[in-house]
Amino acid sequence: MVAFVLRRFASLAVVLFCVITITFLLVRLAPGGPFAREREIPEAIQKELLARYKLDGTLWQQYTDYLGDLLRGDLRLSTKFRGRTVNELIAQSLPVSLQVGLTAFVLATLGGVWLGSLAAVRQHSWVDTTSMFGALLAISIPAFVTGPVLVLIFALKLGWLPVGGWTSWKSLILPSITLAGPYVAYIARLMRSSMLEVLTQDFVRTARAKGLSDSAVLYRHALKVAILPVVSFLGPLAANLLTGSIVIEAIFAIPGAGSFFVNSIINRDVFLLCGIIIVYCALLVVLNLLVDVAYTFLDRRIQLDG
Amino acid sequence: MGKPLSPPGAWRRLLRNPVALTSMAILAFVAFIAIFGPAIFQTDPHALSSHQFSEPSAEHFFGTDVNGRDVFARVIEGARISLLVGLCGAMVSFFVGTTYGMISGYVGGKTDALMMRFVEILYSIPRLIIIILVSFIFDPKVKLWLSGIAGGALVGYSKVLILIFSLGLIEWLTMARIVRGQVLSLKAQQFVLAARSLGQSHTRIILRHLLPNLVGIVVVYLTLTIPAVILDESFLSFLGLGVQAPQASWGSLLADGALAINPIRSHWWLLVFPAGVMSITLLALNFLGDALRDALDPRARRS
């Protein structure tokens, strides 16, 4: 087990290293640096600026310097937000994004598993048909349509929840529901087909034959096996939620990392951009490791190798 | 067990499925309007007028926007660009995914393990974020390249071109997985062994024996990739990182529409019509994909 985790850690470090390298090269090779403006800056000042933000020297030098700084946990200075470090900006905005993301993550998983099992158990009933139709509908409608519609209903017409911003726990509700919607649907579909397959298997019949109640068969026996495809989707789910939250933050005017990301591209804020991508990837990579470990606990048939 | 090209009655099964038929009819209609709409209705999506925010009427079916442009014409233009990106992007993902999956499955062993590990890794990094970066960086280069050919007429389409390729290049993972699984089971079958012992080359086996057997499953996932690419594109355009104004795609129209929702005066038609058209199209594509899967792959039908 320990060897497995260590081995996976090594491979994850390689992945992270590749992401860092690619991101850095892409950003630095892009035409137009952070100080390329319409107005010419005197050469001396330009030089001074580049030195201050460690953007001078050959590309190789810059790259190795940056790697060194990263190893020390220093994500450097933002070129747009003068005098503020990227560490600071991320520490301030990421928790907001993570709250929305985590709530959506829990909603999507629980909601999807529950809805999918329900549909599977009552196959061909109206519950099944309507929830599966609803699921396809939810997958087909993008978040930036559901978002404004929910705002129109629950914030503007009914006045129950805030329109946007980040003030109280109420600000969390609409964004996380909007973000989770399509994934509740996706997981419900996944869960339904997996559950239908499991329900035909021998051990379920045995459990029934022993005289266990329907709910015991479902929750104690079938669910444990049927949930496996959902568990292996949790990694990609986290990646999708993280990207999805960029749009959600734009819709609900939430001061999270997503809006910093979009702005950093537009402003060519080199290190903020690199920093956010690297932190995102690191988060996901660790989360994937956790999911893998959880998977092996849930599915005893899997041997730990590699 | 591999599945034959089209199981007996696949087409008939599809045609007997009312959901599939409705979806096909809707898609045909949307495609028809997208292609011939501008010629039929003689509308110009870029023509400005003084009729700001006028409600839907006989003159402007879907009303007008902040610049007095006809929303109906803009939705048609959006359909052209979104469908173009969706179709071409799905084709790119089809080529990459099928090739990748076929090589992985056919070669097998260590190569297969390594290639599939790579797919797994890609699944779990935020690909769309990297794509945003890539599209932003290559835009000037592609613009430069396009201005050199066809007399510069295509410069405005540089973003569209980049979107097609970058989105195609991130949406191939599922396709590769499916194709690989299929190839793994196909190559263990006797007709492949027979072809091999008759002395046929690997290329020939792949092209003549494996590929035809993959068509069904590939068509299904191609149908399901199109809506995924359209959604991705609308995502980017919504953030202002996709199609550039004055061009419109469904995503950029929806971004305008979402802004128009406010407590004082809601210009609902700016959101409702693009959202409706886009959702119906995506829904039809997803339903058609599901129905195709049911028709071509009876084993996957759980009912």
# chains A, B, ... in the order shown; residues from 1 in each chain; ligands from 1
$ interface_residues --of "chain A" --to "chain B" --cutoff "8 Å" --atoms "only C-alpha atoms" --output "ChimeraX atom specification"
/A:15,23,26-27,30-31,136-137,140-142,144-145,148,152,156,193,196-197,235-236,238-240,242-243,247,250-251,262,265,277,280-281,284-285,288
$ write_last_selection --atoms "N, CA and C atoms" --output "mmCIF file, in the first residue's frame"
data_model
loop_
_atom_site.group_PDB
_atom_site.id
_atom_site.type_symbol
_atom_site.label_atom_id
_atom_site.label_comp_id
_atom_site.auth_asym_id
_atom_site.auth_seq_id
_atom_site.Cartn_x
_atom_site.Cartn_y
_atom_site.Cartn_z
ATOM 1 N N VAL A 15 3.998 14.321 -13.777
ATOM 2 C CA VAL A 15 2.886 15.013 -14.447
ATOM 3 C C VAL A 15 2.924 16.503 -14.137
ATOM 4 N N THR A 23 3.215 25.001 -19.343
ATOM 5 C CA THR A 23 2.572 26.279 -19.054
ATOM 6 C C THR A 23 3.572 27.426 -19.166
ATOM 7 N N LEU A 26 4.574 28.057 -22.836
ATOM 8 C CA LEU A 26 3.485 28.660 -23.606
ATOM 9 C C LEU A 26 3.340 30.136 -23.262
ATOM 10 N N VAL A 27 3.370 30.415 -21.972
ATOM 11 C CA VAL A 27 3.147 31.797 -21.552
ATOM 12 C C VAL A 27 4.305 32.694 -21.991
ATOM 13 N N ALA A 30 4.519 33.412 -25.794
ATOM 14 C CA ALA A 30 3.422 34.186 -26.369
ATOM 15 C C ALA A 30 3.919 35.564 -26.767
ATOM 16 N N PRO A 31 3.469 36.037 -27.929
ATOM 17 C CA PRO A 31 3.864 37.379 -28.335
ATOM 18 C C PRO A 31 3.232 38.414 -27.408
ATOM 19 N N LEU A 136 -30.836 14.261 -19.350
ATOM 20 C CA LEU A 136 -30.336 14.639 -20.671
ATOM 21 C C LEU A 136 -30.539 16.133 -20.909
ATOM 22 N N LEU A 137 -31.664 16.633 -20.400
ATOM 23 C CA LEU A 137 -31.947 18.066 -20.516
ATOM 24 C C LEU A 137 -30.871 18.865 -19.783
ATOM 25 N N SER A 140 -27.654 19.055 -21.563
ATOM 26 C CA SER A 140 -27.659 19.835 -22.801
ATOM 27 C C SER A 140 -27.742 21.337 -22.581
ATOM 28 N N ILE A 141 -28.114 21.764 -21.398
ATOM 29 C CA ILE A 141 -28.252 23.205 -21.181
ATOM 30 C C ILE A 141 -27.025 23.723 -20.444
ATOM 31 N N PRO A 142 -26.304 24.650 -21.043
ATOM 32 C CA PRO A 142 -25.082 25.129 -20.400
ATOM 33 C C PRO A 142 -25.365 25.942 -19.144
ATOM 34 N N PHE A 144 -24.388 28.770 -18.212
ATOM 35 C CA PHE A 144 -24.668 30.202 -18.306
ATOM 36 C C PHE A 144 -26.069 30.478 -18.813
ATOM 37 N N VAL A 145 -26.851 29.414 -19.040
ATOM 38 C CA VAL A 145 -28.285 29.612 -19.257
ATOM 39 C C VAL A 145 -29.030 29.335 -17.964
ATOM 40 N N PRO A 148 -28.470 32.381 -15.097
ATOM 41 C CA PRO A 148 -29.358 33.555 -15.147
ATOM 42 C C PRO A 148 -30.823 33.224 -14.921
ATOM 43 N N LEU A 152 -33.083 34.785 -12.053
ATOM 44 C CA LEU A 152 -34.336 35.465 -12.366
ATOM 45 C C LEU A 152 -35.451 34.982 -11.445
ATOM 46 N N LEU A 156 -34.519 37.454 -8.251
ATOM 47 C CA LEU A 156 -35.228 38.665 -8.660
ATOM 48 C C LEU A 156 -36.727 38.579 -8.390
ATOM 49 N N SER A 193 -27.077 3.003 -15.162
ATOM 50 C CA SER A 193 -26.717 1.856 -15.992
ATOM 51 C C SER A 193 -25.874 0.862 -15.201
ATOM 52 N N LEU A 196 -28.248 -1.050 -12.870
ATOM 53 C CA LEU A 196 -29.067 -2.024 -13.586
ATOM 54 C C LEU A 196 -28.274 -3.295 -13.839
ATOM 55 N N GLU A 197 -26.984 -3.121 -14.154
ATOM 56 C CA GLU A 197 -26.148 -4.278 -14.425
ATOM 57 C C GLU A 197 -25.938 -5.091 -13.153
ATOM 58 N N GLY A 235 -12.362 11.935 -10.253
ATOM 59 C CA GLY A 235 -11.206 12.731 -10.675
ATOM 60 C C GLY A 235 -11.561 13.690 -11.801
ATOM 61 N N PRO A 236 -12.043 13.146 -12.956
ATOM 62 C CA PRO A 236 -12.498 14.027 -14.032
ATOM 63 C C PRO A 236 -13.566 15.018 -13.577
ATOM 64 N N ALA A 238 -13.833 16.493 -10.692
ATOM 65 C CA ALA A 238 -13.178 17.624 -10.040
ATOM 66 C C ALA A 238 -12.562 18.553 -11.075
ATOM 67 N N ALA A 239 -11.929 17.984 -12.087
ATOM 68 C CA ALA A 239 -11.326 18.813 -13.134
ATOM 69 C C ALA A 239 -12.393 19.646 -13.828
ATOM 70 N N ASN A 240 -13.538 19.003 -14.153
ATOM 71 C CA ASN A 240 -14.602 19.723 -14.841
ATOM 72 C C ASN A 240 -15.209 20.810 -13.960
ATOM 73 N N LEU A 242 -13.734 22.464 -11.636
ATOM 74 C CA LEU A 242 -12.781 23.558 -11.514
ATOM 75 C C LEU A 242 -12.857 24.477 -12.732
ATOM 76 N N THR A 243 -12.930 23.889 -13.930
ATOM 77 C CA THR A 243 -13.066 24.710 -15.123
ATOM 78 C C THR A 243 -14.429 25.373 -15.151
ATOM 79 N N VAL A 247 -16.805 29.956 -15.266
ATOM 80 C CA VAL A 247 -18.023 30.564 -15.808
ATOM 81 C C VAL A 247 -18.964 30.958 -14.688
ATOM 82 N N ALA A 250 -18.049 34.110 -13.152
ATOM 83 C CA ALA A 250 -18.365 35.244 -14.014
ATOM 84 C C ALA A 250 -19.854 35.588 -13.913
ATOM 85 N N ILE A 251 -20.714 34.554 -13.881
ATOM 86 C CA ILE A 251 -22.161 34.803 -13.844
ATOM 87 C C ILE A 251 -22.567 35.462 -12.531
ATOM 88 N N VAL A 262 -9.054 34.375 -15.814
ATOM 89 C CA VAL A 262 -9.425 34.992 -17.088
ATOM 90 C C VAL A 262 -8.720 36.342 -17.264
ATOM 91 N N ILE A 265 -5.020 36.159 -18.173
ATOM 92 C CA ILE A 265 -4.740 35.899 -19.581
ATOM 93 C C ILE A 265 -4.807 37.196 -20.361
ATOM 94 N N ILE A 277 -2.682 28.028 -12.793
ATOM 95 C CA ILE A 277 -2.725 26.739 -13.478
ATOM 96 C C ILE A 277 -1.983 25.677 -12.662
ATOM 97 N N TYR A 280 -4.009 24.728 -9.526
ATOM 98 C CA TYR A 280 -5.143 23.908 -9.941
ATOM 99 C C TYR A 280 -4.702 22.484 -10.233
ATOM 100 N N CYS A 281 -3.650 22.356 -11.039
ATOM 101 C CA CYS A 281 -3.213 21.025 -11.430
ATOM 102 C C CYS A 281 -2.727 20.246 -10.221
ATOM 103 N N LEU A 284 -5.677 18.918 -8.342
ATOM 104 C CA LEU A 284 -6.337 17.809 -9.023
ATOM 105 C C LEU A 284 -5.518 16.540 -8.951
ATOM 106 N N VAL A 285 -4.206 16.706 -9.104
ATOM 107 C CA VAL A 285 -3.328 15.560 -9.097
ATOM 108 C C VAL A 285 -3.392 14.850 -7.746
ATOM 109 N N ASN A 288 -6.733 13.121 -7.378
ATOM 110 C CA ASN A 288 -6.786 11.874 -8.140
ATOM 111 C C ASN A 288 -6.119 10.736 -7.402
#
$ residues_around --residues "Ile33 of chain B" --least-positions-apart "6" --cutoff "12 Å" --atoms "only C-alpha atoms" --output "CSV table (one decimal) with N, CA and C atoms, in the first residue's frame"
chain,number,residue,atom,x,y,z
B,26,ILE,N,-35.4,17.6,-36.1
B,26,ILE,CA,-35.0,18.9,-35.5
B,26,ILE,C,-33.7,19.3,-36.1
B,27,LEU,N,-32.7,18.3,-36.1
B,27,LEU,CA,-31.4,18.6,-36.5
B,27,LEU,C,-31.4,19.0,-38.0
B,39,ALA,N,-30.0,33.3,-47.0
B,39,ALA,CA,-30.5,33.5,-48.4
B,39,ALA,C,-32.1,33.6,-48.4
B,40,ILE,N,-32.7,32.9,-47.6
B,40,ILE,CA,-34.2,32.9,-47.6
B,40,ILE,C,-34.7,34.2,-47.0
B,41,PHE,N,-34.2,34.5,-45.8
B,41,PHE,CA,-34.8,35.7,-45.1
B,41,PHE,C,-34.1,37.0,-45.4
B,72,PHE,N,-32.6,37.4,-34.7
B,72,PHE,CA,-32.9,36.2,-35.5
B,72,PHE,C,-31.7,35.9,-36.4
B,73,ALA,N,-31.2,37.0,-37.1
B,73,ALA,CA,-30.1,36.9,-38.0
B,73,ALA,C,-28.8,36.5,-37.3
B,75,VAL,N,-28.7,34.8,-34.4
B,75,VAL,CA,-28.8,33.4,-34.0
B,75,VAL,C,-28.5,32.4,-35.2
B,76,ILE,N,-28.9,32.8,-36.4
B,76,ILE,CA,-28.5,32.0,-37.5
B,76,ILE,C,-27.0,32.0,-37.7
B,77,GLU,N,-26.4,33.2,-37.6
B,77,GLU,CA,-25.0,33.2,-37.8
B,77,GLU,C,-24.3,32.4,-36.7
B,78,GLY,N,-24.9,32.5,-35.5
B,78,GLY,CA,-24.3,31.8,-34.3
B,78,GLY,C,-24.4,30.3,-34.6
B,79,ALA,N,-25.6,29.9,-35.2
B,79,ALA,CA,-25.7,28.4,-35.5
B,79,ALA,C,-24.7,28.0,-36.5
B,80,ARG,N,-24.4,28.8,-37.5
B,80,ARG,CA,-23.4,28.5,-38.6
B,80,ARG,C,-22.1,28.2,-37.9
B,83,LEU,N,-22.2,25.3,-35.2
B,83,LEU,CA,-22.3,23.9,-35.8
B,83,LEU,C,-21.0,23.6,-36.5
B,277,VAL,N,-32.7,27.7,-28.9
B,277,VAL,CA,-32.2,27.1,-30.1
B,277,VAL,C,-31.0,26.2,-29.8
$ atom_distance --atom1 "atom CA of Ile20 of chain A" --atom2 "atom CA of Ser93 of chain B"
25.1 Å
$ residues_around --residues "Ala291 of chain B" --least-positions-apart "2" --cutoff "10 Å" --atoms "only C-alpha atoms" --output "VMD selection string"
chain B and resid 13 to 15 17 to 21 23 220 285 to 289 293 to 297 301
$ atom_distance --atom1 "atom CA of Lys143 of chain B" --atom2 "atom CA of Ser237 of chain B"
18.1 Å
$ atom_distance --atom1 "atom CA of Phe24 of chain A" --atom2 "atom CA of Gly258 of chain A"
18.8 Å
$ residues_around --residues "Thr129 of chain A" --least-positions-apart "4" --cutoff "12 Å" --atoms "only C-alpha atoms" --output "list in words"
Leu115, Gly116, Leu118, Ala119, Ala120, Arg122, Gln123, His124, Ser125, Phe133, Gly134, Ala135, Leu136, Arg189 and Arg192 of chain A
$ write_last_selection --atoms "N, CA and C atoms" --output "mmCIF file, in the first residue's frame"
data_model
loop_
_atom_site.group_PDB
_atom_site.id
_atom_site.type_symbol
_atom_site.label_atom_id
_atom_site.label_comp_id
_atom_site.auth_asym_id
_atom_site.auth_seq_id
_atom_site.Cartn_x
_atom_site.Cartn_y
_atom_site.Cartn_z
ATOM 1 N N LEU A 115 -30.301 9.713 -7.377
ATOM 2 C CA LEU A 115 -31.243 9.755 -8.496
ATOM 3 C C LEU A 115 -31.052 8.554 -9.417
ATOM 4 N N GLY A 116 -29.786 8.204 -9.656
ATOM 5 C CA GLY A 116 -29.491 7.076 -10.542
ATOM 6 C C GLY A 116 -29.983 5.768 -9.968
ATOM 7 N N LEU A 118 -32.353 5.364 -7.782
ATOM 8 C CA LEU A 118 -33.810 5.409 -7.782
ATOM 9 C C LEU A 118 -34.364 5.024 -9.154
ATOM 10 N N ALA A 119 -33.748 5.608 -10.191
ATOM 11 C CA ALA A 119 -34.214 5.326 -11.549
ATOM 12 C C ALA A 119 -34.002 3.861 -11.893
ATOM 13 N N ALA A 120 -32.887 3.294 -11.440
ATOM 14 C CA ALA A 120 -32.580 1.906 -11.772
ATOM 15 C C ALA A 120 -33.544 0.952 -11.084
ATOM 16 N N ARG A 122 -36.533 1.542 -10.007
ATOM 17 C CA ARG A 122 -37.884 1.621 -10.586
ATOM 18 C C ARG A 122 -37.788 1.757 -12.100
ATOM 19 N N GLN A 123 -37.030 0.882 -12.708
ATOM 20 C CA GLN A 123 -36.842 0.963 -14.149
ATOM 21 C C GLN A 123 -38.197 0.944 -14.861
ATOM 22 N N HIS A 124 -38.294 1.782 -15.911
ATOM 23 C CA HIS A 124 -39.495 1.902 -16.750
ATOM 24 C C HIS A 124 -40.660 2.591 -16.055
ATOM 25 N N SER A 125 -40.494 2.984 -14.780
ATOM 26 C CA SER A 125 -41.584 3.707 -14.147
ATOM 27 C C SER A 125 -41.498 5.172 -14.560
ATOM 28 N N PHE A 133 -34.984 11.764 -18.645
ATOM 29 C CA PHE A 133 -35.211 12.851 -19.593
ATOM 30 C C PHE A 133 -34.647 14.146 -19.025
ATOM 31 N N GLY A 134 -34.929 14.360 -17.738
ATOM 32 C CA GLY A 134 -34.404 15.550 -17.071
ATOM 33 C C GLY A 134 -32.895 15.581 -17.086
ATOM 34 N N ALA A 135 -32.287 14.394 -16.932
ATOM 35 C CA ALA A 135 -30.825 14.323 -16.920
ATOM 36 C C ALA A 135 -30.252 14.769 -18.258
ATOM 37 N N LEU A 136 -30.836 14.261 -19.350
ATOM 38 C CA LEU A 136 -30.336 14.639 -20.671
ATOM 39 C C LEU A 136 -30.539 16.133 -20.909
ATOM 40 N N ARG A 189 -26.925 9.177 -14.750
ATOM 41 C CA ARG A 189 -26.947 8.259 -15.894
ATOM 42 C C ARG A 189 -25.944 7.127 -15.698
ATOM 43 N N ARG A 192 -27.234 4.824 -12.965
ATOM 44 C CA ARG A 192 -28.388 4.023 -13.367
ATOM 45 C C ARG A 192 -27.935 2.798 -14.139
#
$ residues_around --residues "Leu102 of chain A" --least-positions-apart "3" --cutoff "10 Å" --atoms "only C-alpha atoms" --output "number ranges by chain"
A: 97-99, 105-108, 176, 180, 238, 241-242
$ closest_atom_pairs --of "segment 86-159 of chain B" --to "segment 181-192 of chain B" --cutoff "7 Å" --atoms "only C-alpha atoms" --output "JSON lines"
{"residue": "B:Met102", "atom": "CA", "partner": "B:Val183", "partner_atom": "CA", "distance": 6.3}
{"residue": "B:Gly105", "atom": "CA", "partner": "B:Leu184", "partner_atom": "CA", "distance": 5.1}
{"residue": "B:Tyr106", "atom": "CA", "partner": "B:Val183", "partner_atom": "CA", "distance": 6.4}
$ write_last_selection --atoms "C-alpha atoms" --output "PDB file, in the first residue's frame"
ATOM      1  CA  MET B 102      -6.498   1.692 -32.531  1.00  0.00           C
ATOM      2  CA  GLY B 105      -5.394  -1.593 -28.607  1.00  0.00           C
ATOM      3  CA  TYR B 106      -3.694  -3.264 -31.571  1.00  0.00           C
TER       4      TYR B 106
END
$ select_by_dssp --residues "segment 26-128 of chain B" --states "alpha helix (DSSP H)" --output "JSON, numbers by chain"
{"B": [26, 27, 28, 29, 30, 31, 32, 33, 34, 35, 36, 37, 38, 39, 40, 41, 71, 72, 73, 74, 75, 76, 77, 78, 79, 80, 81, 82, 83, 84, 85, 86, 87, 88, 89, 90, 91, 92, 93, 94, 95, 96, 97, 98, 99, 100, 101, 102, 103, 104, 105, 106, 107, 109, 110, 111, 112, 113, 114, 115, 116, 117, 118, 119, 120, 121, 122, 123, 127, 128]}
$ residues_around --residues "Phe271 of chain A" --least-positions-apart "3" --cutoff "8 Å" --atoms "only C-alpha atoms" --output "NGL selection string"
:A and (75-79 or 86 or 274-275)
$ closest_residue --among "A:Ala257, A:Leu59, A:Ala104, A:Ala226" --to "Ile276 of chain A" --atoms "only C-alpha atoms"
A:Ala257
